[in-house]
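For reference, the structure is listed below as structure tokens.
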Amino acid sequence: CSAAHRVRYRWSCCLEEKQSAGFVFRSVIALFLCLSLRVMASPPEFDVASVKRNTHDGPTDVAPKHVGTLVTMHNVLVGSMILYAYSVELYQVAGGDQKLKLPDGWNWYDVDARVTGNASDEEVRLMFQSLLANRFGLKIHRVTQSVTGYILRAGKSPAKPKVSSSVPESPALLAAGCSIRAEMDGNHLRCRNATSAQIANLLARQLWVPIIDQTARRDGYDCDITYAPADAVDTINPSLASAIRDVLGLQLVRGTVPVAMLVIDRLEKPTEN
């Protein structure tokens with residue numbers, strides 16, 4: 001064959017080798033990205049976890065105890081685990097507590113687990129999500145629904161709450177912003193430099209209904225409010241709504257509010273070990 005044919009042949013072979021090498025390189029990159037995405041999408045799990053029915057009663061953990069690499073949650077309802085894992089309140093579960101129950105004898109558990117390193121609270125919540133999916137067969141989806149609740153608004157004549165000398169200097173109160181405690185003279189709502197959003201969140205947990213903050217205020221509140229429990233009789237204390245209006249100048253108005261709901265599609269008896 002001519003010299004020109006030999007040159008074209010060598011160029012063609014070289015081009016094919018380059019195209020083949022490029023294909024292999026792109027394939028390796030695609031595989032690496034695919035595996036990376038799968039790793040990123042996989043929620044964290046406990047290194048090892050024991051799930052057993054509680055048979056000795058004892059104190060109930062409303063949240064896990066995390067000491068070093070050990071995470072425990074004892075004498076706990078499966079519903080409480082779900083509320084903790086997904087960081088929701090009971091009113092955010094479609095169907096309420098009836099959706100969080102298993103047959104009699106399958107509701108109270110002891111969970112003992114190990115984690116690697118210094119796992120954050122958010123990581124532990126995700127690990128509980130994996131545990132619930134793997135051991136309880138939990139499947140959920142989320143929707144936004146309009147439900148009956150309350151709206152926290154600024155009153156017509158905003159009050160100017162002063163710092164109360166009876167507000168305790170407790171680390172728990174300072175960290176949370178607000179606390180509610182039942183005492184002999186009535187219920188006490190104590191706040192130190194608390195935002196209206198923090199007050200709304202605390203009241204929502206207390207009343208078990210959604211409350212959204214529409215005050216548009218960013219200043220902090222200091223107060224010690226005494227109010228009557230909902231089931232109180234023959235009391236001189238005002239209702240919670242009246243106390244908040246008179247002391248803080250805020251109004252609790254009943255209305256329809258949007259809530260991010262957790263819908264439980266499946267929940268089964270767990271595999272124990």
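Scheme for the structure tokens: letters A, B, ... for chains in order shown; per-chain residue numbers from 1; ligand numbers from 1 in order shown.
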Write out as a PyMOL selection string the residues lying within 12 Å of A:Asn118, counting only C-alpha atoms and excluding same-chain residues fewer than 4 positions away. chain A and resi 66-71+114+122-124
Output C-alpha atoms for every residue in the selection just made, as a PDB file, in the first residue's frame.
ATOM      1  CA  HIS A  66     -25.893   9.918  74.762  1.00  0.00           C
ATOM      2  CA  VAL A  67     -22.717   9.278  76.748  1.00  0.00           C
ATOM      3  CA  GLY A  68     -19.536   8.751  74.752  1.00  0.00           C
ATOM      4  CA  THR A  69     -20.278   6.177  72.080  1.00  0.00           C
ATOM      5  CA  LEU A  70     -23.310   4.734  73.927  1.00  0.00           C
ATOM      6  CA  VAL A  71     -26.841   5.835  73.024  1.00  0.00           C
ATOM      7  CA  ARG A 114     -23.259   2.328  69.723  1.00  0.00           C
ATOM      8  CA  GLU A 122     -28.989  15.581  64.325  1.00  0.00           C
ATOM      9  CA  GLU A 123     -26.920  12.538  63.327  1.00  0.00           C
ATOM     10  CA  VAL A 124     -28.444  10.490  66.175  1.00  0.00           C
TER      11      VAL A 124
END
*Please provide the set of residues having any atom within 12 Å of A:Ala243, restricted to only C-alpha atoms, with same-chain residues fewer than 2 positions apart removed, written as number ranges by chain.*
A: 159, 161, 187-189, 223-229, 236-241, 245-252
From the list A:Arg192, A:Arg181, A:His56, A:Lys269, the nearest residue to A:Asn107 using only C-alpha atoms is A:Lys269
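Of the residues listed (A:Gly155, A:Val259, A:Asn273, A:Gln198), A:Gly155 shows the shortest atom-to-atom separation from A:Ser242; distances use only C-alpha atoms.
The gap separating atom CA of A:Ile151 from atom CA of A:Val253 is 5.1 Å, in Å to one decimal.
For the pair atom CA of A:Met81 and atom CA of A:Val62, the separation is 8.1 Å.
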Among A:Ala94, A:Ala49, A:Val111, A:Leu152, A:Val76 is approached most closely, using only C-alpha atoms, by A:Val111
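Residue nearest A:Phe128, chosen from A:Asn201, A:Thr72, A:Gln92, A:Thr144 and counting only C-alpha atoms: A:Thr72.
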Please return as an MDAnalysis selection string: the residues of stretch 88-214 of chain A that backbone DSSP assigns to strand (DSSP E or B). chainID A and resid 93 108:114 139:154 178:183 186:194 211:213
Output file for the residues above (C-alpha atoms, as a short mmCIF file (atom, residue, chain, number, x, y, z; two decimals), in the first residue's frame):
data_model
loop_
_atom_site.label_atom_id
_atom_site.label_comp_id
_atom_site.auth_asym_id
_atom_site.auth_seq_id
_atom_site.Cartn_x
_atom_site.Cartn_y
_atom_site.Cartn_z
CA VAL A 93 -48.61 13.09 62.88
CA TRP A 108 -42.61 -0.16 75.04
CA TYR A 109 -38.94 -0.75 74.22
CA ASP A 110 -35.36 -0.54 75.39
CA VAL A 111 -32.88 0.61 72.76
CA ASP A 112 -29.13 0.30 73.36
CA ALA A 113 -26.84 1.38 70.52
CA ARG A 114 -23.26 2.33 69.72
CA LYS A 139 -42.40 3.98 55.99
CA ILE A 140 -43.54 7.60 55.98
CA HIS A 141 -44.18 10.48 53.65
CA ARG A 142 -44.71 14.18 54.31
CA VAL A 143 -47.53 16.52 53.29
CA THR A 144 -48.57 20.05 54.18
CA GLN A 145 -52.11 20.36 55.52
CA SER A 146 -54.24 23.21 56.81
CA VAL A 147 -55.42 22.43 60.33
CA THR A 148 -57.11 24.27 63.17
CA GLY A 149 -54.65 25.93 65.52
CA TYR A 150 -53.68 29.34 66.87
CA ILE A 151 -51.96 32.45 65.56
CA LEU A 152 -49.83 34.55 67.93
CA ARG A 153 -50.27 38.23 67.05
CA ALA A 154 -49.37 41.59 68.52
CA CYS A 178 -38.94 29.77 78.16
CA SER A 179 -40.32 27.12 80.47
CA ILE A 180 -43.72 26.15 81.87
CA ARG A 181 -44.07 24.65 85.32
CA ALA A 182 -47.07 23.68 87.45
CA GLU A 183 -46.82 25.04 90.99
CA GLY A 186 -50.95 27.88 89.38
CA ASN A 187 -49.00 27.30 86.18
CA HIS A 188 -46.03 29.54 85.54
CA LEU A 189 -44.75 30.67 82.13
CA ARG A 190 -41.23 31.98 82.70
CA CYS A 191 -39.19 33.56 79.94
CA ARG A 192 -35.81 35.26 79.81
CA ASN A 193 -34.89 37.16 76.66
CA ALA A 194 -37.25 34.86 74.74
CA ILE A 211 -49.24 27.83 66.83
CA ILE A 212 -47.55 30.13 64.34
CA ASP A 213 -45.89 33.42 65.21
#
Here atom CA of A:Ala216 and atom CA of A:Ala260 stand apart by 21.2 Å
### Message
For the structure I just gave you, how does DSSP split stretch 125-155 of chain A - specifically, which residues are helix (DSSP H, G or I)? Reply as an NGL selection string.
### Response
:A and (125-135)
Contacts of A:Arg218 at 10 Å or less, counting only C-alpha atoms, minus same-chain residues fewer than 6 places along, as a list in words? Ala194, Thr195, Ser196 and Ala197 of chain A
Could you name the residues that touch A:Leu132 at 10 Å or less, counting only C-alpha atoms, but leaving out those on the same chain fewer than 3 positions away, as a compact mmCIF listing (two decimals) with N, CA and C atoms, in the first residue's frame?
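out_2.txt, written as the output of this step:
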# COMPACT_ATOMS: atom_id res chain seq x y z
N VAL A 78 -42.83 3.42 70.98
CA VAL A 78 -42.33 3.53 69.61
C VAL A 78 -42.73 4.87 69.02
N MET A 81 -40.18 7.45 69.88
CA MET A 81 -38.99 7.33 69.03
C MET A 81 -39.21 8.02 67.69
N ILE A 82 -40.42 7.87 67.14
CA ILE A 82 -40.72 8.48 65.85
C ILE A 82 -40.74 10.01 65.99
N ALA A 85 -37.08 11.04 66.31
CA ALA A 85 -36.29 10.82 65.10
C ALA A 85 -36.59 11.85 64.03
N LEU A 126 -31.06 10.93 62.75
CA LEU A 126 -31.04 10.20 61.48
C LEU A 126 -30.80 8.71 61.70
N MET A 127 -29.96 8.38 62.68
CA MET A 127 -29.71 6.97 62.99
C MET A 127 -30.97 6.29 63.52
N PHE A 128 -31.76 7.02 64.30
CA PHE A 128 -33.03 6.48 64.77
C PHE A 128 -34.00 6.30 63.61
N GLN A 129 -33.95 7.17 62.62
CA GLN A 129 -34.77 6.99 61.43
C GLN A 129 -34.41 5.68 60.73
N ARG A 135 -35.87 -1.94 61.55
CA ARG A 135 -36.36 -2.86 62.58
C ARG A 135 -37.87 -2.83 62.77
N PHE A 136 -38.48 -1.68 62.49
CA PHE A 136 -39.92 -1.55 62.66
C PHE A 136 -40.65 -1.47 61.32
N GLY A 137 -39.90 -1.54 60.22
CA GLY A 137 -40.52 -1.46 58.90
C GLY A 137 -41.22 -0.14 58.65
N LEU A 138 -40.76 0.93 59.31
CA LEU A 138 -41.45 2.21 59.20
C LEU A 138 -41.28 2.82 57.82
N LYS A 139 -42.39 3.23 57.24
CA LYS A 139 -42.40 3.98 55.99
C LYS A 139 -43.29 5.20 56.19
N LEU A 267 -46.06 0.50 59.80
CA LEU A 267 -45.37 0.34 61.07
C LEU A 267 -45.65 -1.07 61.55
N GLU A 268 -44.58 -1.85 61.80
CA GLU A 268 -44.74 -3.25 62.12
C GLU A 268 -44.07 -3.60 63.44
N PRO A 270 -41.35 -5.03 65.67
CA PRO A 270 -39.92 -5.02 65.33
C PRO A 270 -39.28 -6.39 65.43
